[in-house]
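Have a look at model.txt below; it lists compact mmCIF, C-alpha atoms.
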```txt
# COMPACT_ATOMS: atom_id res chain seq x y z
CA MET A 1494 -157.36 242.26 13.65
CA ASN A 1495 -156.48 239.68 16.30
CA SER A 1496 -155.63 240.26 19.94
CA THR A 1497 -151.88 240.45 19.23
CA TRP A 1498 -152.38 243.62 17.19
CA ILE A 1499 -154.62 245.11 19.86
CA ILE A 1500 -151.95 244.41 22.49
CA PHE A 1501 -149.32 246.15 20.30
CA PHE A 1502 -151.39 249.26 19.82
CA VAL A 1503 -152.55 249.57 23.41
CA LEU A 1504 -149.01 248.92 24.74
CA GLY A 1505 -147.59 251.31 22.14
CA THR A 1506 -150.02 254.03 23.23
CA LEU A 1507 -149.32 253.46 26.93
CA THR A 1508 -145.57 253.51 26.28
CA TYR A 1509 -145.85 256.71 24.29
CA LEU A 1510 -147.84 258.33 27.10
CA THR A 1511 -145.13 257.45 29.66
CA ARG A 1512 -142.66 259.26 27.38
CA PHE A 1513 -144.83 262.23 26.54
CA ALA A 1514 -146.59 262.82 29.90
CA PHE A 1515 -144.11 265.11 31.63
CA ILE A 1516 -142.90 266.79 28.46
CA ALA A 1517 -146.50 267.76 27.67
CA LEU A 1518 -147.45 268.71 31.22
CA TRP A 1519 -144.27 270.47 32.26
CA GLY A 1520 -144.84 272.94 35.08
CA ARG A 1521 -148.27 271.53 35.88
CA LEU A 1522 -147.34 268.06 37.11
CA ARG A 1523 -144.49 266.89 39.29
CA LEU A 1524 -143.42 263.38 40.33
CA PRO A 1525 -143.16 262.95 44.12
CA ALA A 1526 -139.61 262.10 45.19
CA TRP A 1527 -140.53 258.63 46.49
CA VAL A 1528 -142.18 257.75 43.16
CA GLN A 1529 -139.03 258.83 41.33
CA ARG A 1530 -136.96 256.57 43.59
CA ALA A 1531 -139.40 253.68 43.20
CA LEU A 1532 -139.22 253.95 39.42
CA THR A 1533 -135.46 253.44 39.43
CA PHE A 1534 -136.05 249.94 40.84
CA VAL A 1535 -138.60 248.88 38.25
CA PRO A 1536 -136.39 247.42 35.49
CA VAL A 1537 -134.29 245.38 37.95
CA ALA A 1538 -137.39 244.02 39.71
CA VAL A 1539 -139.36 243.03 36.62
CA LEU A 1540 -136.47 241.62 34.60
CA SER A 1541 -135.14 239.58 37.53
CA ALA A 1542 -138.61 238.15 38.08
CA MET A 1543 -138.52 236.97 34.48
CA ILE A 1544 -134.98 235.58 34.56
CA LEU A 1545 -134.92 233.15 37.48
CA PRO A 1546 -138.00 231.06 36.56
CA GLU A 1547 -136.50 230.63 33.08
CA LEU A 1548 -133.36 229.14 34.64
CA VAL A 1549 -134.76 226.82 37.31
CA PHE A 1550 -137.76 225.29 35.54
CA SER A 1551 -137.22 222.63 32.92
CA ASP A 1552 -140.30 221.10 31.28
CA GLY A 1553 -142.47 222.74 33.91
CA HIS A 1554 -140.64 221.18 36.87
CA LEU A 1555 -138.36 222.87 39.36
CA ASN A 1556 -134.87 221.51 38.77
CA LEU A 1557 -132.05 222.85 40.94
CA ALA A 1558 -129.71 219.95 40.17
CA LEU A 1559 -126.54 220.13 38.10
CA ASP A 1560 -128.16 218.26 35.21
CA ASN A 1561 -130.17 221.40 34.40
CA PRO A 1562 -128.17 223.10 31.62
CA ARG A 1563 -130.20 226.33 31.87
CA LEU A 1564 -129.24 226.84 35.51
CA LEU A 1565 -125.49 226.42 34.96
CA ALA A 1566 -125.47 228.42 31.72
CA GLY A 1567 -127.42 231.18 33.46
CA ALA A 1568 -124.93 231.23 36.33
CA ALA A 1569 -122.06 231.47 33.83
CA ALA A 1570 -123.83 234.36 32.09
CA VAL A 1571 -124.30 236.23 35.39
CA LEU A 1572 -120.57 235.85 36.07
CA VAL A 1573 -119.59 237.09 32.61
CA ALA A 1574 -122.03 240.01 32.81
CA TYR A 1575 -120.63 240.97 36.22
CA ARG A 1576 -117.02 240.77 35.12
CA THR A 1577 -117.19 242.21 31.59
CA ARG A 1578 -120.47 244.18 31.46
CA SER A 1579 -120.57 243.09 27.82
CA THR A 1580 -123.98 242.24 26.36
CA LEU A 1581 -122.64 240.23 23.47
CA LEU A 1582 -120.12 238.24 25.51
CA THR A 1583 -122.78 237.44 28.14
CA ILE A 1584 -125.19 236.03 25.57
CA LEU A 1585 -122.45 234.19 23.66
CA VAL A 1586 -120.92 232.49 26.72
CA GLY A 1587 -124.39 231.64 28.04
CA MET A 1588 -125.46 230.03 24.78
CA VAL A 1589 -122.19 228.10 24.34
CA VAL A 1590 -122.35 226.70 27.90
CA PHE A 1591 -126.03 225.85 27.36
CA TRP A 1592 -125.37 224.02 24.09
CA GLY A 1593 -122.27 222.30 25.49
CA LEU A 1594 -124.09 220.97 28.57
CA ARG A 1595 -127.10 219.90 26.53
CA PHE A 1596 -124.78 217.99 24.23
CA LEU A 1597 -122.94 216.33 27.16
CA LEU A 1598 -126.16 215.41 28.99
CA THR A 1599 -128.19 214.09 26.09
CA GLY A 1600 -125.47 213.24 23.62
CA GLY A 1601 -126.91 215.56 20.99
CA MET B 1006 -132.07 273.19 8.77
CA THR B 1007 -129.43 275.80 9.51
CA ALA B 1008 -125.72 275.01 9.63
CA ILE B 1009 -125.64 275.01 13.43
CA ALA B 1010 -128.74 272.79 13.57
CA PHE B 1011 -127.14 270.30 11.23
CA GLN B 1012 -123.92 270.39 13.24
CA ARG B 1013 -125.86 269.59 16.47
CA PHE B 1014 -127.85 266.86 14.71
CA ARG B 1015 -124.63 265.21 13.54
CA GLU B 1016 -123.14 265.51 17.01
CA GLY B 1017 -126.19 263.69 18.42
CA VAL B 1018 -125.73 260.85 15.95
CA ARG B 1019 -122.00 260.70 16.74
CA ARG B 1020 -122.50 260.55 20.51
CA GLU B 1021 -125.18 257.87 20.13
CA PHE B 1022 -122.90 255.70 18.03
CA PRO B 1023 -121.23 253.62 20.80
CA LEU B 1024 -124.66 252.74 22.17
CA LEU B 1025 -125.83 251.63 18.74
CA ILE B 1026 -123.19 248.90 18.73
CA GLY B 1027 -124.73 247.53 21.93
CA VAL B 1028 -128.32 247.88 20.71
CA ALA B 1029 -127.97 246.17 17.33
CA PRO B 1030 -127.54 242.62 18.75
CA PHE B 1031 -130.60 243.17 21.00
CA GLY B 1032 -132.67 244.14 17.98
CA MET B 1033 -131.54 241.06 16.10
CA ILE B 1034 -132.23 238.72 18.99
CA TYR B 1035 -135.64 240.30 19.41
CA GLY B 1036 -136.43 239.67 15.72
CA VAL B 1037 -135.32 236.04 15.95
CA LEU B 1038 -137.28 235.35 19.15
CA ALA B 1039 -140.41 237.16 17.98
CA LEU B 1040 -140.66 234.79 15.03
CA GLN B 1041 -139.93 231.73 17.13
CA ALA B 1042 -142.65 232.82 19.56
CA GLY B 1043 -145.15 232.68 16.71
CA LEU B 1044 -145.41 236.31 15.59
CA SER B 1045 -145.59 236.99 11.86
CA PRO B 1046 -142.71 238.99 10.33
CA VAL B 1047 -145.04 241.97 9.90
CA GLN B 1048 -146.15 241.81 13.54
CA ALA B 1049 -142.57 241.49 14.77
CA GLN B 1050 -141.46 244.56 12.81
CA ALA B 1051 -144.61 246.51 13.71
CA MET B 1052 -143.99 246.07 17.43
CA SER B 1053 -140.51 247.59 17.03
CA ALA B 1054 -142.11 250.64 15.40
CA VAL B 1055 -145.23 250.95 17.58
CA VAL B 1056 -143.87 250.04 21.03
CA PHE B 1057 -140.19 250.87 20.34
CA ALA B 1058 -138.96 249.75 23.78
CA GLY B 1059 -136.62 246.76 23.93
CA SER B 1060 -137.33 245.21 27.34
CA ALA B 1061 -141.10 245.55 26.93
CA GLN B 1062 -140.91 243.99 23.48
CA PHE B 1063 -138.90 241.02 24.73
CA MET B 1064 -141.30 240.56 27.60
CA THR B 1065 -144.38 240.78 25.39
CA VAL B 1066 -142.95 238.21 23.00
CA GLN B 1067 -142.29 235.79 25.82
CA LEU B 1068 -145.67 236.30 27.47
CA LEU B 1069 -147.49 235.94 24.14
CA ALA B 1070 -145.72 232.62 23.57
CA GLY B 1071 -146.87 231.51 27.04
CA MET B 1072 -150.53 232.24 26.20
CA THR B 1073 -150.68 234.96 28.86
CA PRO B 1074 -153.97 236.92 28.93
CA ALA B 1075 -153.83 240.38 27.36
CA PRO B 1076 -154.48 242.41 30.57
CA VAL B 1077 -151.47 240.79 32.28
CA ILE B 1078 -149.24 241.46 29.26
CA LEU B 1079 -150.35 245.09 29.14
CA PHE B 1080 -149.93 245.61 32.88
CA THR B 1081 -146.45 244.06 32.91
CA GLY B 1082 -145.44 246.05 29.84
CA LEU B 1083 -146.72 249.25 31.40
CA ILE B 1084 -144.82 248.63 34.65
CA ILE B 1085 -141.51 248.07 32.87
CA ASN B 1086 -142.10 251.18 30.75
CA LEU B 1087 -142.96 253.43 33.69
CA ARG B 1088 -139.27 254.35 33.92
CA HIS B 1089 -139.86 256.60 30.90
CA LEU B 1090 -141.77 258.92 33.26
CA LEU B 1091 -138.40 259.69 34.84
CA TYR B 1092 -136.81 260.46 31.49
CA SER B 1093 -139.80 262.52 30.44
CA ALA B 1094 -139.68 264.54 33.65
CA SER B 1095 -135.89 265.01 33.31
CA VAL B 1096 -135.87 266.39 29.76
CA ALA B 1097 -139.14 268.35 30.11
CA PRO B 1098 -137.59 271.70 31.17
CA TRP B 1099 -135.08 271.58 28.29
CA VAL B 1100 -137.72 271.09 25.59
CA SER B 1101 -140.43 273.31 27.12
CA HIS B 1102 -139.77 276.13 24.61
CA LEU B 1103 -140.39 273.91 21.57
CA PRO B 1104 -143.63 273.73 19.56
CA LEU B 1105 -145.94 270.80 20.29
CA ARG B 1106 -145.01 268.84 17.15
CA TRP B 1107 -141.36 268.83 18.23
CA LYS B 1108 -142.30 267.69 21.73
CA ALA B 1109 -144.51 264.95 20.31
CA LEU B 1110 -141.73 263.70 18.02
CA LEU B 1111 -138.96 263.83 20.64
CA ALA B 1112 -141.21 261.97 23.11
CA TYR B 1113 -141.55 259.11 20.62
CA LEU B 1114 -137.75 258.91 20.39
CA LEU B 1115 -137.19 259.03 24.17
CA THR B 1116 -135.61 255.60 24.71
CA ASP B 1117 -133.13 254.55 27.43
CA GLU B 1118 -130.22 255.01 25.03
CA ALA B 1119 -131.33 258.33 23.53
CA PHE B 1120 -132.05 259.69 27.01
CA ALA B 1121 -128.61 258.66 28.27
CA VAL B 1122 -126.67 260.82 25.80
CA THR B 1123 -129.26 263.60 25.50
CA ILE B 1124 -129.52 264.41 29.21
CA VAL B 1125 -125.73 264.50 29.52
CA ASN B 1126 -125.56 266.88 26.56
CA TYR B 1127 -128.22 269.18 28.02
CA ARG B 1128 -126.42 269.35 31.35
CA GLN B 1129 -123.05 270.04 29.67
CA ASN B 1130 -124.45 272.85 27.55
CA GLY B 1131 -126.05 274.59 30.52
CA GLU B 1132 -127.86 277.75 29.44
CA ASP B 1133 -127.13 277.62 25.74
CA THR B 1134 -129.62 274.96 24.60
CA MET B 1135 -131.28 276.81 21.71
CA HIS B 1136 -130.30 274.19 19.15
CA GLU B 1137 -129.90 271.13 21.33
CA HIS B 1138 -133.22 269.61 20.28
CA TRP B 1139 -131.40 268.83 17.02
CA PHE B 1140 -128.86 266.85 19.06
CA PHE B 1141 -131.79 265.00 20.72
CA LEU B 1142 -133.31 264.31 17.29
CA GLY B 1143 -130.00 263.03 15.93
CA ALA B 1144 -129.44 260.65 18.85
CA GLY B 1145 -133.07 259.48 18.84
CA LEU B 1146 -133.32 258.94 15.09
CA ALA B 1147 -130.01 257.08 14.92
CA LEU B 1148 -131.23 254.68 17.57
CA TRP B 1149 -134.62 254.33 15.87
CA LEU B 1150 -133.05 253.42 12.53
CA VAL B 1151 -130.67 250.86 14.04
CA TRP B 1152 -133.50 249.29 16.08
CA GLN B 1153 -135.74 248.91 13.02
CA ALA B 1154 -132.91 247.61 10.81
CA SER B 1155 -131.61 245.13 13.38
CA THR B 1156 -135.17 243.88 14.00
CA ALA B 1157 -135.55 243.27 10.27
CA LEU B 1158 -132.24 241.41 10.16
CA GLY B 1159 -133.31 239.29 13.14
CA ILE B 1160 -136.65 238.47 11.49
CA PHE B 1161 -134.72 237.33 8.42
CA LEU B 1162 -132.44 235.12 10.57
CA GLY B 1163 -135.34 233.86 12.69
CA ALA B 1164 -136.97 232.43 9.61
CA VAL B 1165 -133.84 230.38 8.87
CA ILE B 1166 -132.81 229.17 12.36
CA PRO B 1167 -134.57 225.96 13.45
CA PRO B 1168 -136.37 226.09 16.86
CA ALA B 1169 -134.47 222.94 17.95
CA TRP B 1170 -131.39 225.11 18.53
CA GLY B 1171 -133.08 226.35 21.69
CA LEU B 1172 -132.35 229.95 20.81
CA ASP B 1173 -135.21 231.03 23.07
CA PHE B 1174 -132.68 230.64 25.90
CA ALA B 1175 -131.06 233.81 24.55
CA LEU B 1176 -133.96 235.70 26.13
CA PRO B 1177 -133.11 235.17 29.83
CA LEU B 1178 -129.47 235.67 28.84
CA THR B 1179 -130.37 239.01 27.29
CA PHE B 1180 -132.16 240.01 30.49
CA ILE B 1181 -129.10 238.96 32.52
CA ALA B 1182 -126.94 241.14 30.27
CA LEU B 1183 -129.33 244.03 30.94
CA VAL B 1184 -129.79 243.58 34.70
CA VAL B 1185 -126.39 242.59 36.10
CA PRO B 1186 -124.42 245.65 34.90
CA SER B 1187 -127.24 247.93 36.06
CA LEU B 1188 -127.01 246.85 39.71
CA ARG B 1189 -125.81 250.03 41.40
CA HIS B 1190 -125.76 249.04 45.06
CA HIS B 1191 -126.94 246.50 47.65
CA ALA B 1192 -130.58 247.61 47.45
CA ASP B 1193 -130.58 246.81 43.72
CA ALA B 1194 -128.97 243.42 44.25
CA LEU B 1195 -131.46 242.58 46.99
CA THR B 1196 -134.34 243.65 44.74
CA ALA B 1197 -133.07 241.30 42.03
CA VAL B 1198 -132.73 238.34 44.40
CA VAL B 1199 -136.15 238.89 46.03
CA ALA B 1200 -137.85 239.35 42.65
CA GLY B 1201 -136.30 236.20 41.20
CA THR B 1202 -136.95 234.02 44.25
CA LEU B 1203 -140.55 235.16 44.68
CA ALA B 1204 -141.22 234.70 40.96
CA VAL B 1205 -140.10 231.07 41.26
CA MET B 1206 -142.15 230.48 44.42
CA LEU B 1207 -145.26 232.11 42.94
CA ALA B 1208 -144.86 230.57 39.48
CA GLY B 1209 -147.93 228.40 40.11
CA LEU B 1210 -150.30 231.37 40.25
CA PRO B 1211 -152.59 231.76 37.24
CA TYR B 1212 -152.24 234.43 34.52
CA LYS B 1213 -148.55 234.97 35.31
CA LEU B 1214 -149.69 236.97 38.34
CA GLY B 1215 -146.65 235.62 40.19
CA LEU B 1216 -144.47 237.76 37.92
CA VAL B 1217 -146.45 240.90 38.71
CA LEU B 1218 -146.60 240.22 42.47
CA ALA B 1219 -142.92 239.28 42.70
CA SER B 1220 -141.87 242.47 40.87
CA LEU B 1221 -144.02 244.75 43.02
CA ILE B 1222 -142.97 243.19 46.34
CA ALA B 1223 -139.28 243.24 45.35
CA LEU B 1224 -139.59 246.89 44.34
CA GLY B 1225 -141.01 247.67 47.78
CA VAL B 1226 -138.20 245.78 49.50
CA GLY B 1227 -135.54 247.62 47.47
CA LEU B 1228 -137.09 250.97 48.24
CA THR B 1229 -137.33 250.24 51.97
CA VAL B 1230 -133.75 249.00 52.21
CA GLU B 1231 -132.41 251.99 50.29
CA GLU B 1232 -134.29 254.35 52.60
CA ARG B 1233 -132.70 252.84 55.69
CA ALA B 1234 -129.20 252.75 54.24
```
Rendering of file as structure tokens:
Amino acid sequence: MNSTWIIFFVLGTLTYLTRFAFIALWGRLRLPAWVQRALTFVPVAVLSAMILPELVFSDGHLNLALDNPRLLAGAAAVLVAYRTRSTLLTILVGMVVFWGLRFLLTGG
Amino acid sequence: MTAIAFQRFREGVRREFPLLIGVAPFGMIYGVLALQAGLSPVQAQAMSAVVFAGSAQFMTVQLLAGMTPAPVILFTGLIINLRHLLYSASVAPWVSHLPLRWKALLAYLLTDEAFAVTIVNYRQNGEDTMHEHWFFLGAGLALWLVWQASTALGIFLGAVIPPAWGLDFALPLTFIALVVPSLRHHADALTAVVAGTLAVMLAGLPYKLGLVLASLIALGVGLTVEERA
């Protein structure tokens, strides 16, 4: 039993509790309105905080120049996601731009 | 299962179907990335069954690969999963008449995608919701099956695809595909920009605390701006 398994089971239990809490305690517990509003911002905040560092750091260094394929491919993906709202197309275009730029910049 | 129960169950599966097409690629990408991040196939599949929440699974995989300490992984995972409280609170009145074992089962199946079709169905059916927990079960189970199956397929592919392809870049792309279409108004967009910028500026902090801080501050900014709008 290594720590990865422990993380899974603790996270699984916590996740289950977030799903079960109000179903189980209906009538006895109510979410304040401001908490409800705050919760609607959570996915956008956390996911965005994970996205941008992945795009601007290459090999541990900040790289905002045009020779950073991740930055340009990420920008292309944002554009496709905005225009099409398609998951698959966003990932496909992003990966193709990423591979294309990597090929152009390093020759392979 | 009575005839009407079966009819509602099937209707739940049917209404979930369009969402399944969107979910299947996520499950596959998760499977591929989990393996490339160093999880064993059994671990990768187990997380899909035990945690059963896409964004949290993706995040955990990435943080595990980055040698992030367990408390930070758990805290981040919990934050992203707190949105389920909203879903739980929203469906609670509709399922309050059910026995505990039904509530316990439906809670396990309460994902973003199952919630989306289930809450709409409850609101459409108004007073007559005697059998609608079968609809909920149908939608939830359909999503569960597709998530497990697509994870398995991804694990299979992940074992074949060489890491040199740089497929780990699909992860931020997946997040982009999740976030961008979900931006409802200016407060959301501002939250995204603040979260991303702060995360980059605070990336030097130990234990990935920059991620946690950036998310919380951005959330506060979004909330404040929305209030004033």
To one decimal place in Å, what is the distance between CA of Thr1533 in chain A and CA of Gly1036 in chain B?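 We find that CA of Thr1533 in chain A and CA of Gly1036 in chain B lie 27.4 Å from each other.
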Can you check which parts of chain A lie within 7 Å of chain B? Per residue, the shortest pair of atoms and distance in Å to one decimal, counting only C-alpha atoms, sorted by chain and number, as JSON lines.
```
{"residue": "A:Ile1500", "atom": "CA", "partner": "B:Ala1075", "partner_atom": "CA", "distance": 6.6}
{"residue": "A:Phe1501", "atom": "CA", "partner": "B:Met1052", "partner_atom": "CA", "distance": 6.1}
{"residue": "A:Phe1502", "atom": "CA", "partner": "B:Val1055", "partner_atom": "CA", "distance": 6.8}
{"residue": "A:Leu1504", "atom": "CA", "partner": "B:Leu1079", "partner_atom": "CA", "distance": 6.0}
{"residue": "A:Gly1505", "atom": "CA", "partner": "B:Val1056", "partner_atom": "CA", "distance": 4.1}
{"residue": "A:Leu1507", "atom": "CA", "partner": "B:Leu1083", "partner_atom": "CA", "distance": 6.7}
{"residue": "A:Thr1508", "atom": "CA", "partner": "B:Asn1086", "partner_atom": "CA", "distance": 6.1}
{"residue": "A:Tyr1509", "atom": "CA", "partner": "B:Tyr1113", "partner_atom": "CA", "distance": 6.1}
{"residue": "A:Thr1511", "atom": "CA", "partner": "B:Leu1090", "partner_atom": "CA", "distance": 5.1}
{"residue": "A:Arg1512", "atom": "CA", "partner": "B:His1089", "partner_atom": "CA", "distance": 5.2}
{"residue": "A:Phe1513", "atom": "CA", "partner": "B:Ala1112", "partner_atom": "CA", "distance": 5.0}
{"residue": "A:Ala1514", "atom": "CA", "partner": "B:Ser1093", "partner_atom": "CA", "distance": 6.8}
{"residue": "A:Phe1515", "atom": "CA", "partner": "B:Ala1094", "partner_atom": "CA", "distance": 4.9}
{"residue": "A:Ile1516", "atom": "CA", "partner": "B:Ala1097", "partner_atom": "CA", "distance": 4.4}
{"residue": "A:Trp1519", "atom": "CA", "partner": "B:Ala1097", "partner_atom": "CA", "distance": 6.0}
{"residue": "A:Gln1529", "atom": "CA", "partner": "B:Leu1091", "partner_atom": "CA", "distance": 6.6}
{"residue": "A:Ala1531", "atom": "CA", "partner": "B:Leu1228", "partner_atom": "CA", "distance": 6.2}
{"residue": "A:Leu1532", "atom": "CA", "partner": "B:Arg1088", "partner_atom": "CA", "distance": 5.5}
{"residue": "A:Thr1533", "atom": "CA", "partner": "B:Arg1088", "partner_atom": "CA", "distance": 6.8}
{"residue": "A:Phe1534", "atom": "CA", "partner": "B:Leu1224", "partner_atom": "CA", "distance": 5.8}
{"residue": "A:Val1535", "atom": "CA", "partner": "B:Ile1085", "partner_atom": "CA", "distance": 6.2}
{"residue": "A:Pro1536", "atom": "CA", "partner": "B:Ile1085", "partner_atom": "CA", "distance": 5.8}
{"residue": "A:Val1537", "atom": "CA", "partner": "B:Val1184", "partner_atom": "CA", "distance": 5.8}
{"residue": "A:Ala1538", "atom": "CA", "partner": "B:Ser1220", "partner_atom": "CA", "distance": 4.9}
{"residue": "A:Val1539", "atom": "CA", "partner": "B:Ser1220", "partner_atom": "CA", "distance": 5.0}
{"residue": "A:Leu1540", "atom": "CA", "partner": "B:Phe1180", "partner_atom": "CA", "distance": 6.2}
{"residue": "A:Ser1541", "atom": "CA", "partner": "B:Gly1201", "partner_atom": "CA", "distance": 5.1}
{"residue": "A:Ala1542", "atom": "CA", "partner": "B:Gly1201", "partner_atom": "CA", "distance": 4.3}
{"residue": "A:Met1543", "atom": "CA", "partner": "B:Leu1216", "partner_atom": "CA", "distance": 6.9}
{"residue": "A:Ile1544", "atom": "CA", "partner": "B:Pro1177", "partner_atom": "CA", "distance": 5.1}
{"residue": "A:Leu1545", "atom": "CA", "partner": "B:Gly1201", "partner_atom": "CA", "distance": 5.0}
{"residue": "A:Pro1546", "atom": "CA", "partner": "B:Val1205", "partner_atom": "CA", "distance": 5.1}
{"residue": "A:Glu1547", "atom": "CA", "partner": "B:Pro1177", "partner_atom": "CA", "distance": 6.5}
{"residue": "A:Gly1567", "atom": "CA", "partner": "B:Leu1178", "partner_atom": "CA", "distance": 6.8}
{"residue": "A:Ala1570", "atom": "CA", "partner": "B:Leu1178", "partner_atom": "CA", "distance": 6.6}
{"residue": "A:Val1571", "atom": "CA", "partner": "B:Ile1181", "partner_atom": "CA", "distance": 6.2}
{"residue": "A:Ala1574", "atom": "CA", "partner": "B:Ala1182", "partner_atom": "CA", "distance": 5.6}
{"residue": "A:Tyr1575", "atom": "CA", "partner": "B:Val1185", "partner_atom": "CA", "distance": 6.0}
{"residue": "A:Arg1578", "atom": "CA", "partner": "B:Pro1186", "partner_atom": "CA", "distance": 5.4}
{"residue": "A:Thr1580", "atom": "CA", "partner": "B:Ala1182", "partner_atom": "CA", "distance": 5.0}
{"residue": "A:Thr1583", "atom": "CA", "partner": "B:Ala1182", "partner_atom": "CA", "distance": 6.0}
{"residue": "A:Ile1584", "atom": "CA", "partner": "B:Leu1178", "partner_atom": "CA", "distance": 5.4}
{"residue": "A:Gly1587", "atom": "CA", "partner": "B:Leu1178", "partner_atom": "CA", "distance": 6.5}
{"residue": "A:Met1588", "atom": "CA", "partner": "B:Ala1175", "partner_atom": "CA", "distance": 6.8}
```
Within 7 Å of range 1128-1144 of chain B, counting all atoms listed in the file, which residues show up once you throw out same-chain ones fewer than 5 positions away? Write them as number ranges by chain, please. B: 1010, 1013-1018, 1021, 1111, 1119, 1123
What does the structure give for the distance between CA of Leu1581 in chain A and CA of Gly1059 in chain B, in Å to one decimal?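 Computing the Euclidean distance for CA of Leu1581 in chain A and CA of Gly1059 in chain B yields 15.4 Å.
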Between CA of Leu1038 in chain B and CA of Gly1163 in chain B, what distance in Å does the model show, to one decimal?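 Here the two named atoms are 6.9 Å from each other.
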Just need the box for range 1182-1199 of chain B, edges along x, y and z, holding every atom the file lists for it with 8 Å tacked onto each side, so centre and edge lengths in Å to one decimal, as JSON.
```
{"center_x": -130.3, "center_y": 244.2, "center_z": 39.0, "size_x": 27.7, "size_y": 27.7, "size_z": 33.4}
```
Determine the nearest neighbour of Pro1168 in chain B from the options B:Val1077, B:Leu1025, B:Met1072, B:Ala1042, counting all atoms listed in the file.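 Ranking B:Val1077, B:Leu1025, B:Met1072, B:Ala1042 by distance to Pro1168 in chain B, first place goes to B:Ala1042.
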Would you list the contacts of Leu1565 in chain A as an MDAnalysis selection string, taking every protein, DNA or RNA residue within 9 Å and counting all atoms listed in the file, but skipping same-chain residues closer than 5 positions in sequence? chainID A and resid 1548 1559:1560 1570 1587 1590:1591 1594
